[in-house]
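Colleague: My structure file target.cif, mmCIF, C-alpha atoms and all ligand atoms, is below:
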data_entry
loop_
_atom_site.label_atom_id
_atom_site.label_comp_id
_atom_site.auth_asym_id
_atom_site.auth_seq_id
_atom_site.Cartn_x
_atom_site.Cartn_y
_atom_site.Cartn_z
CA MET A 1 35.25 -0.54 -4.08
CA LYS A 2 37.65 -0.07 -1.19
CA LEU A 3 36.35 0.23 2.35
CA LYS A 4 37.86 3.69 2.83
CA GLN A 5 36.24 4.92 -0.36
CA LEU A 6 32.85 3.55 0.67
CA GLU A 7 33.15 5.17 4.09
CA SER A 8 34.04 8.52 2.60
CA LEU A 9 31.12 8.45 0.13
CA LEU A 10 28.71 7.63 2.97
CA GLY A 11 30.18 10.45 5.03
CA ASP A 12 28.99 12.94 2.40
CA LEU A 13 25.34 11.92 2.62
CA GLN A 14 22.82 14.34 3.98
CA GLN A 15 21.23 13.19 7.25
CA PHE A 16 18.01 13.95 9.17
CA SER A 17 17.47 17.70 9.31
CA ASN A 18 14.68 17.55 11.91
CA PRO A 19 14.96 14.17 13.59
CA LYS A 20 11.73 12.88 15.05
CA VAL A 21 12.18 11.59 18.59
CA GLU A 22 9.27 9.20 18.53
CA LEU A 23 10.70 7.44 15.44
CA GLU A 24 14.21 7.19 16.90
CA GLN A 25 15.73 8.99 13.96
CA TYR A 26 19.52 9.07 14.11
CA PRO A 27 21.83 7.95 11.35
CA THR A 28 24.21 5.02 11.28
CA GLY A 29 27.59 6.72 11.01
CA PRO A 30 29.73 6.08 7.93
CA HIS A 31 32.26 4.03 9.90
CA ILE A 32 29.74 1.44 11.10
CA ALA A 33 27.59 1.53 7.95
CA SER A 34 30.53 0.90 5.64
CA ARG A 35 31.81 -1.99 7.77
CA LEU A 36 28.37 -3.57 8.04
CA LEU A 37 27.88 -3.67 4.29
CA TYR A 38 31.49 -4.50 3.54
CA THR A 39 31.33 -7.54 5.81
CA ALA A 40 28.01 -8.63 4.29
CA GLU A 41 29.56 -8.48 0.84
CA ASN A 42 33.08 -9.75 1.38
CA SER A 43 32.55 -12.38 4.06
CA PHE A 44 29.13 -13.66 3.02
CA ASP A 45 28.45 -12.61 -0.59
CA ASP A 46 25.05 -11.24 0.46
CA ILE A 47 25.05 -7.93 -1.46
CA SER A 48 26.37 -7.81 -5.02
CA ASN A 49 23.87 -8.97 -7.67
CA LYS A 50 21.26 -9.33 -4.95
CA VAL A 51 17.94 -7.72 -4.10
CA VAL A 52 18.53 -5.82 -0.87
CA ALA A 53 15.91 -4.15 1.33
CA ASP A 54 16.80 -1.41 3.82
CA PHE A 55 14.21 -1.38 6.61
CA GLY A 56 13.71 1.95 8.35
CA CYS A 57 16.06 3.41 5.77
CA GLY A 58 15.93 6.96 7.11
CA CYS A 59 18.16 9.01 4.85
CA GLY A 60 19.23 5.88 3.05
CA THR A 61 22.79 5.28 4.27
CA LEU A 62 22.66 1.47 4.43
CA GLY A 63 20.76 1.12 1.17
CA ALA A 64 23.16 3.46 -0.61
CA ALA A 65 26.09 1.42 0.70
CA ALA A 66 24.47 -1.75 -0.65
CA ALA A 67 23.95 -0.14 -4.05
CA LEU A 68 27.56 1.09 -4.09
CA LEU A 69 28.72 -2.47 -3.45
CA GLY A 70 26.81 -3.74 -6.47
CA ALA A 71 23.36 -4.76 -5.24
CA GLU A 72 21.19 -5.25 -8.34
CA GLN A 73 18.14 -3.67 -6.77
CA VAL A 74 17.78 -1.82 -3.45
CA ILE A 75 14.46 -1.01 -1.82
CA GLY A 76 14.43 1.47 1.06
CA ILE A 77 11.39 1.50 3.33
CA ASP A 78 10.60 4.09 5.97
CA ILE A 79 7.50 5.40 7.70
CA ASP A 80 8.57 9.02 7.37
CA SER A 81 8.16 10.94 4.12
CA GLN A 82 10.69 13.65 4.98
CA SER A 83 13.43 11.09 5.50
CA LEU A 84 12.51 9.39 2.23
CA GLU A 85 12.83 12.68 0.41
CA ILE A 86 16.35 13.15 1.73
CA ALA A 87 17.13 9.51 0.92
CA SER A 88 15.95 10.05 -2.68
CA MET A 89 18.22 13.06 -3.05
CA ASN A 90 21.15 11.17 -1.60
CA ALA A 91 20.61 8.35 -4.08
CA GLU A 92 20.35 10.81 -6.94
CA ASP A 93 23.55 12.57 -5.92
CA LEU A 94 25.41 9.26 -6.04
CA GLU A 95 23.64 8.27 -9.29
CA LEU A 96 22.15 5.18 -7.64
CA ASP A 97 18.78 3.75 -8.67
CA ILE A 98 17.04 2.91 -5.42
CA ASP A 99 13.31 2.27 -4.99
CA PHE A 100 11.71 3.84 -1.94
CA VAL A 101 8.44 2.89 -0.31
CA GLN A 102 6.69 4.72 2.51
CA CYS A 103 5.31 2.15 4.89
CA ASP A 104 5.16 1.13 8.53
CA ILE A 105 7.33 -1.97 8.69
CA GLY A 106 4.79 -3.52 11.06
CA ASN A 107 2.12 -3.34 8.31
CA LEU A 108 4.24 -4.25 5.32
CA GLY A 109 2.35 -6.36 2.77
CA TRP A 110 4.87 -8.48 0.93
CA ARG A 111 4.61 -11.39 -1.46
CA GLY A 112 7.13 -14.18 -1.81
CA GLN A 113 10.84 -14.09 -1.11
CA ILE A 114 12.24 -11.93 -3.87
CA VAL A 115 14.38 -10.02 -1.39
CA ASP A 116 17.67 -11.75 -0.72
CA THR A 117 19.06 -9.64 2.08
CA VAL A 118 17.64 -7.14 4.57
CA VAL A 119 19.95 -4.56 6.14
CA MET A 120 18.69 -2.38 8.95
CA ASN A 121 19.41 -0.25 11.96
CA PRO A 122 15.99 -0.49 13.57
CA PRO A 123 14.71 1.76 16.33
CA PHE A 124 15.94 0.22 19.57
CA GLY A 125 12.44 0.31 20.96
CA THR A 126 13.23 2.91 23.60
CA ARG A 127 10.27 5.02 22.50
CA LYS A 128 7.93 2.34 21.27
CA LYS A 129 8.46 -0.94 23.02
CA GLY A 130 8.97 -3.98 20.84
CA VAL A 131 9.44 -2.14 17.56
CA ASP A 132 12.95 -3.63 17.18
CA MET A 133 11.46 -7.11 17.35
CA ASP A 134 8.70 -6.17 14.90
CA PHE A 135 11.40 -5.16 12.42
CA LEU A 136 13.27 -8.41 12.94
CA PHE A 137 10.13 -10.50 12.60
CA VAL A 138 9.21 -8.91 9.26
CA ALA A 139 12.80 -8.96 8.00
CA LEU A 140 13.11 -12.68 8.62
CA LYS A 141 9.83 -13.26 6.80
CA VAL A 142 10.88 -11.27 3.76
CA ALA A 143 14.55 -12.21 3.31
CA SER A 144 15.58 -15.45 1.66
CA ARG A 145 19.32 -15.22 2.43
CA ALA A 146 20.24 -13.08 5.40
CA VAL A 147 19.30 -10.23 7.72
CA TYR A 148 21.88 -7.79 9.08
CA SER A 149 20.81 -5.73 12.01
CA LEU A 150 22.08 -3.66 14.95
CA HIS A 151 20.73 -4.23 18.44
CA LYS A 152 21.76 -3.11 21.90
CA THR A 153 24.30 -5.48 23.41
CA SER A 154 22.27 -5.52 26.61
CA THR A 155 19.53 -7.41 24.74
CA ARG A 156 21.85 -10.05 23.24
CA ASP A 157 20.53 -13.16 24.97
CA TYR A 158 16.94 -12.17 24.49
CA ILE A 159 17.42 -11.48 20.76
CA LYS A 160 19.13 -14.77 20.16
CA ARG A 161 16.46 -16.77 21.92
CA ALA A 162 13.56 -14.93 20.29
CA ALA A 163 15.09 -15.10 16.80
CA LEU A 164 15.69 -18.84 16.93
CA ARG A 165 12.54 -19.77 18.74
CA ASP A 166 9.88 -17.40 17.47
CA LEU A 167 11.11 -15.47 14.46
CA ASN A 168 11.98 -18.09 11.88
CA ALA A 169 15.78 -17.77 12.12
CA SER A 170 17.87 -20.86 11.55
CA SER A 171 20.96 -19.09 12.84
CA ALA A 172 21.67 -15.90 14.77
CA GLU A 173 25.27 -14.76 15.16
CA VAL A 174 26.84 -11.64 16.59
CA LEU A 175 29.53 -10.62 14.09
CA CYS A 176 31.01 -7.91 16.27
CA GLU A 177 30.33 -5.54 19.11
CA LEU A 178 30.46 -1.86 18.30
CA ARG A 179 30.31 1.44 20.07
CA PHE A 180 27.47 3.43 18.64
CA ASP A 181 27.51 7.17 19.12
CA VAL A 182 23.98 8.36 19.34
CA PRO A 183 24.45 12.09 19.05
CA GLN A 184 22.67 14.42 21.37
CA LEU A 185 19.68 14.94 19.14
CA TYR A 186 17.16 14.83 21.88
CA LYS A 187 16.60 16.94 24.94
CA PHE A 188 16.32 13.97 27.22
CA HIS A 189 19.91 13.00 26.44
CA LYS A 190 21.97 14.73 29.06
CA LYS A 191 25.42 14.22 27.63
CA LYS A 192 26.58 15.51 24.27
CA GLU A 193 26.95 12.06 22.86
CA VAL A 194 25.61 8.87 24.28
CA ASP A 195 27.89 6.01 23.48
CA ILE A 196 26.19 2.64 23.71
CA ALA A 197 27.32 -0.90 23.05
CA VAL A 198 25.64 -2.36 20.00
CA ASP A 199 25.90 -5.78 18.35
CA LEU A 200 26.05 -6.34 14.65
CA TRP A 201 23.97 -9.43 13.97
CA ARG A 202 23.63 -11.74 11.01
CA PHE A 203 20.49 -13.85 10.95
CA VAL A 204 19.73 -16.58 8.44
CA PRO A 205 16.06 -17.34 7.82
CA LYS A 206 14.82 -20.91 7.66
CA ARG A 207 14.65 -22.09 4.10
CA SER A 208 11.45 -24.04 3.90
CA ARG A 209 8.55 -21.64 3.71
CA GLY A 210 7.17 -19.94 0.66
CA LYS A 211 9.85 -21.03 -1.75
CA LYS A 212 8.44 -21.88 -5.13
CA ASP A 213 11.59 -23.12 -6.81
CA MET B 1 9.01 2.38 -8.26
CA ARG B 2 10.09 -0.40 -10.56
CA LEU B 3 8.01 -3.42 -11.50
CA LEU B 4 10.27 -5.68 -9.48
CA THR B 5 9.09 -3.83 -6.39
CA HIS B 6 5.51 -3.89 -7.64
CA ASN B 7 5.80 -7.66 -7.90
CA MET B 8 6.32 -7.91 -4.14
CA LEU B 9 4.09 -5.19 -2.70
CA SER B 10 0.63 -6.10 -1.60
CA CYS B 11 -2.18 -4.42 0.25
CA ASN B 12 -2.21 -5.28 3.92
CA ILE B 13 -5.44 -3.70 5.10
CA LYS B 14 -7.06 -5.66 7.91
CA GLY B 15 -9.45 -8.28 6.54
CA VAL B 16 -8.09 -8.25 3.00
CA THR B 17 -7.27 -11.81 1.98
CA ASN B 18 -5.83 -11.20 -1.45
CA GLY B 19 -4.12 -7.81 -1.69
CA PHE B 20 -1.92 -8.83 -4.63
CA PRO B 21 -1.33 -7.62 -7.27
CA LEU B 22 -1.97 -3.94 -6.76
CA ARG B 23 -3.51 -2.40 -9.85
CA ILE B 24 -1.39 0.38 -11.30
CA GLU B 25 -2.70 3.75 -12.33
CA ALA B 26 0.06 5.33 -14.37
CA GLU B 27 0.20 9.09 -14.79
CA LYS B 28 3.89 9.37 -15.45
CA VAL B 29 6.37 6.64 -16.31
CA VAL B 30 10.07 7.29 -16.71
CA GLU B 31 12.81 5.08 -18.13
CA LYS B 32 16.28 4.88 -16.64
CA GLN B 33 18.92 2.81 -18.32
CA LEU B 34 20.61 0.08 -16.37
CA GLU B 35 23.26 -2.38 -17.43
CA ILE B 36 21.82 -5.83 -18.10
CA ASN B 37 22.83 -8.67 -15.77
CA HIS B 38 21.93 -12.05 -17.26
CA ASP B 39 22.67 -14.11 -14.17
CA PHE B 40 20.51 -11.90 -12.03
CA LEU B 41 17.62 -12.20 -14.50
CA ARG B 42 17.88 -15.99 -14.54
CA ASN B 43 17.84 -16.12 -10.75
CA ILE B 44 14.93 -13.79 -10.31
CA PHE B 45 12.76 -15.23 -13.09
CA PRO B 46 11.23 -18.15 -11.11
CA LYS B 47 10.31 -15.80 -8.27
CA ILE B 48 8.34 -13.39 -10.46
CA ASP B 49 4.56 -13.63 -10.61
CA TRP B 50 4.40 -13.44 -14.38
CA LYS B 51 0.80 -12.44 -14.85
CA ALA B 52 1.04 -9.56 -12.39
CA PHE B 53 4.29 -8.47 -14.01
CA SER B 54 3.26 -8.62 -17.64
CA ASP B 55 -0.11 -6.94 -16.94
CA ALA B 56 1.73 -4.20 -15.07
CA SER B 57 4.17 -3.69 -17.93
CA ARG B 58 1.31 -3.06 -20.36
CA ILE B 59 -0.27 -0.51 -18.03
CA MET B 60 3.11 1.17 -17.94
CA GLY B 61 2.92 1.43 -21.74
CA TYR B 62 5.25 -1.46 -22.64
CA HIS B 63 3.66 -4.10 -24.86
CA GLU B 64 6.50 -6.48 -25.70
CA LEU B 65 6.04 -9.13 -23.01
CA PRO B 66 4.01 -12.32 -23.59
CA GLU B 67 0.91 -12.71 -21.44
CA GLU B 68 1.70 -16.33 -20.65
CA PRO B 69 4.83 -17.11 -18.66
CA PRO B 70 7.53 -18.20 -21.08
CA GLU B 71 9.44 -21.46 -20.69
CA PRO B 72 12.50 -21.00 -18.49
CA SER B 73 14.62 -22.26 -21.41
CA VAL B 74 14.21 -18.94 -23.22
CA LEU B 75 16.40 -17.44 -20.52
CA GLU B 76 19.30 -19.52 -21.80
CA SER B 77 18.79 -19.07 -25.49
CA ASP B 78 16.92 -15.89 -26.24
CA ALA B 79 18.92 -12.70 -25.76
CA GLU B 80 16.11 -10.61 -27.17
CA PHE B 81 13.71 -11.91 -24.55
CA LEU B 82 16.22 -11.22 -21.77
CA GLY B 83 16.51 -7.65 -22.98
CA LYS B 84 12.74 -7.13 -22.80
CA PHE B 85 12.46 -8.81 -19.43
CA HIS B 86 15.27 -6.61 -18.10
CA HIS B 87 13.73 -3.45 -19.51
CA ALA B 88 10.28 -4.06 -18.04
CA LEU B 89 11.54 -5.31 -14.68
CA LEU B 90 14.26 -2.78 -13.92
CA GLU B 91 14.21 0.17 -16.30
CA LEU B 92 10.59 1.33 -16.15
CA HIS B 93 9.73 3.48 -13.15
CA LEU B 94 6.28 4.54 -12.05
CA GLU B 95 6.93 8.17 -11.16
CA GLU B 96 3.40 9.50 -10.59
CA GLY B 97 0.14 7.62 -10.21
CA ALA B 98 -1.38 5.19 -7.76
CA LEU B 99 -1.56 1.58 -6.63
CA ILE B 100 -5.01 0.22 -6.04
CA CYS B 101 -5.97 -2.65 -3.76
CA PRO B 102 -7.64 -5.36 -5.89
CA GLU B 103 -10.09 -6.23 -3.12
CA THR B 104 -11.13 -2.93 -1.54
CA GLY B 105 -10.30 -0.41 -4.25
CA ARG B 106 -8.29 1.61 -1.70
CA LYS B 107 -5.90 3.90 -3.52
CA PHE B 108 -2.26 4.27 -2.47
CA PRO B 109 -0.78 7.35 -4.13
CA VAL B 110 2.62 7.27 -5.83
CA SER B 111 4.40 10.59 -5.85
CA LYS B 112 7.97 11.32 -6.99
CA GLY B 113 8.33 7.60 -7.50
CA ILE B 114 7.48 6.75 -3.89
CA PRO B 115 4.33 4.75 -3.13
CA ASN B 116 2.66 5.74 0.12
CA MET B 117 1.51 2.46 1.65
CA LEU B 118 0.72 3.89 5.10
CA LEU B 119 -2.55 2.57 6.47
CA LEU B 120 -5.16 4.58 8.33
CA GLU B 121 -5.93 3.70 11.91
CA ASP B 122 -9.10 1.79 11.09
CA GLU B 123 -7.31 -0.22 8.39
CA VAL B 124 -4.76 -1.82 10.71
C1 LIG C 1 17.82 4.46 13.93
S1 LIG C 1 17.10 5.16 12.49
C2 LIG C 1 18.12 4.44 11.23
C3 LIG C 1 18.11 5.24 9.96
C4 LIG C 1 18.92 4.69 8.79
N1 LIG C 1 18.58 3.32 8.49
C5 LIG C 1 20.39 4.76 9.04
O1 LIG C 1 20.96 3.70 9.24
O2 LIG C 1 20.97 5.84 9.01
C6 LIG C 1 15.55 4.32 12.44
C7 LIG C 1 14.65 4.62 11.24
O3 LIG C 1 13.46 3.84 11.32
C8 LIG C 1 12.34 4.60 10.93
N2 LIG C 1 11.16 4.00 11.56
C9 LIG C 1 10.80 4.06 12.86
N3 LIG C 1 9.67 3.34 13.07
C10 LIG C 1 9.34 2.79 11.86
C11 LIG C 1 8.29 1.92 11.42
N4 LIG C 1 7.38 1.46 12.25
N5 LIG C 1 8.26 1.57 10.11
C12 LIG C 1 9.20 2.01 9.25
N6 LIG C 1 10.21 2.83 9.61
C13 LIG C 1 10.28 3.21 10.90
C14 LIG C 1 12.65 6.00 11.38
O4 LIG C 1 11.94 6.96 10.62
C15 LIG C 1 14.17 6.06 11.16
O5 LIG C 1 14.47 6.56 9.88
#
Turn this file's structure into structure tokens for me.

Modeller:
Amino acid sequence: MKLKQLESLLGDLQQFSNPKVELEQYPTGPHIASRLLYTAENSFDDISNKVVADFGCGCGTLGAAAALLGAEQVIGIDIDSQSLEIASMNAEDLELDIDFVQCDIGNLGWRGQIVDTVVMNPPFGTRKKGVDMDFLFVALKVASRAVYSLHKTSTRDYIKRAALRDLNASSAEVLCELRFDVPQLYKFHKKKEVDIAVDLWRFVPKRSRGKKD
Amino acid sequence: MRLLTHNMLSCNIKGVTNGFPLRIEAEKVVEKQLEINHDFLRNIFPKIDWKAFSDASRIMGYHELPEEPPEPSVLESDAEFLGKFHHALLELHLEEGALICPETGRKFPVSKGIPNMLLLEDEV
């Protein structure tokens, strides 16, 4: 599938109808989402024929993109049932078979390393401190190949250090810096759109643990 | 929810030491066809907990899988086996029912195919 085609399919997805402030619900726009998944597939072969988990999937944009690029199985996980309902409808509209699970990522019970790749746009932790690192911690435990994630550029040094030192990453690379338009969903945002600098990261988990084969 | 997902999910209530596998209560199972991918099946096979998987398939009403894990060599030679493995792993969906923690008996409802694994405050 061509990048333009992927971007346009993602642009048609339904997004949060009543975003919940405390869960930092805003979608990854089709431009960034399509490039994230396209890079994962074409530069690193981390998507097609793989098991991909979408953490904090919201309305399912990243997971849908993975499925469109040929992931064998996609699992979308979010804490919020309303978002999951929209995500299910989006998947159905595109005729994609995606499994959804309602769960707090911080309490996810997970066996083994069946998941190859985790893709996510976690809450930045502006409402609940540390939630971005909770997501990264669990993602690096679950994935056997790679974790793709978006984090504020202002936290770059901290993320790199924490990932390598505490979170089981064997490598942590910023693939590119993006401008992320967080739309004015919330009253406390004064401007119409808040444009923040965000890094697209690729983390590789250490190989050793929990591998049977 | 497919059985591949079931093969990873476990109960994470505080104090539970063995929350895997979750017992399935099946009220409604649906089948959705998916193209078979032999390479994928060969890769995933060693990561599957066979007992949990084959028990789950029977609860979902599918009785074609052996109870004992087959030799990995069947994956090379036995197209019929691959077809059954594929069907049970990726084409059966638990649409309505529940997942039950093997240790505490706590029930996690599955509705419209989505298991609700949220924990209560005193379970975290
Ligand atoms: C920034 S949004 C990203 C949504 C979607 N992945 C996308 O890219 O469009 C963050 C998502 O994380 C979910 N979320 C927040 N806290 C969570 C938690 N503790 N566990 C699971 N999901 C959570 C929110 O409901 C929201 O859908």

Colleague: Rounded to one decimal place, report the atom CA of Leu69 of chain A-atom CA of Leu10 of chain A distance in Å.

Modeller: 12.0 Å

Colleague: Ranking B:Leu22, B:Leu120, B:Ile13, B:Leu41 by minimum distance to Ala88 of chain B and counting all atoms listed in the file, which one comes first?

Modeller: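 Among B:Leu22, B:Leu120, B:Ile13, B:Leu41, it is B:Leu41 that comes nearest to Ala88 of chain B.
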
Colleague: What are the residues of chain A that have an atom within 6 Å of an atom of chain B, counting only C-alpha atoms, as a list of chain:residue names?

Modeller: A:Asp99, A:Phe100, A:Val101, A:Gln102, A:Cys103, A:Gly109, A:Trp110, A:Arg111

Colleague: Report, in Å to a single decimal, how far apart atom C15 of ligand LIG 1 (chain C) and atom CA of Pro122 of chain A are.

Modeller: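 About the pair atom CA of Pro122 of chain A and atom C15 of ligand LIG 1 (chain C): they are 7.2 Å apart.
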
Colleague: May I have the residues within 9 Å of Thr104 of chain B as JSON, numbers by chain, using all atoms listed in the file and disregarding those fewer than 2 positions away in the same chain?

Modeller: {"B": [13, 16, 19, 100, 101, 102, 106, 107]}

Colleague: Would you compute the distance between atom CA of Asn42 of chain A and atom CA of Ala71 of chain A? Give it in Å to one decimal.

Modeller: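 It comes out at 12.8 Å.
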
Colleague: Excluding segment 63-68 of chain B and residues on its chain fewer than 5 positions from it, collect all residues at most 12 Å away from it, counting only C-alpha atoms, and give them as a ChimeraX atom specification.

Modeller: /B:49-58,80-89

Colleague: Any residue with an atom at most 9 Å from ligand LIG 1 (chain C) counts, using all atoms listed in the file. Which are they? Put them as number ranges by chain.

Modeller: A: 15-16, 19-20, 22-30, 33, 54-63, 76-84, 102-108, 119-125, 128, 131-132, 134-135

Colleague: Kindly indicate which residue among A:Asp97, A:Glu177, A:Asp166, A:Asp199 lies nearest to Glu31 of chain B, using only C-alpha atoms for the distances.

Modeller: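 Counting only C-alpha atoms, the residue closest to Glu31 of chain B is A:Asp97.
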
Colleague: Let me make sure I understand: among A:Leu36, A:Ile47, A:Met1, A:Val174, which one has the smallest atom-to-atom distance to Thr153 of chain A if we use all atoms listed in the file?

Modeller: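 Between A:Leu36, A:Ile47, A:Met1, A:Val174, the residue approaching Thr153 of chain A most closely is A:Val174.
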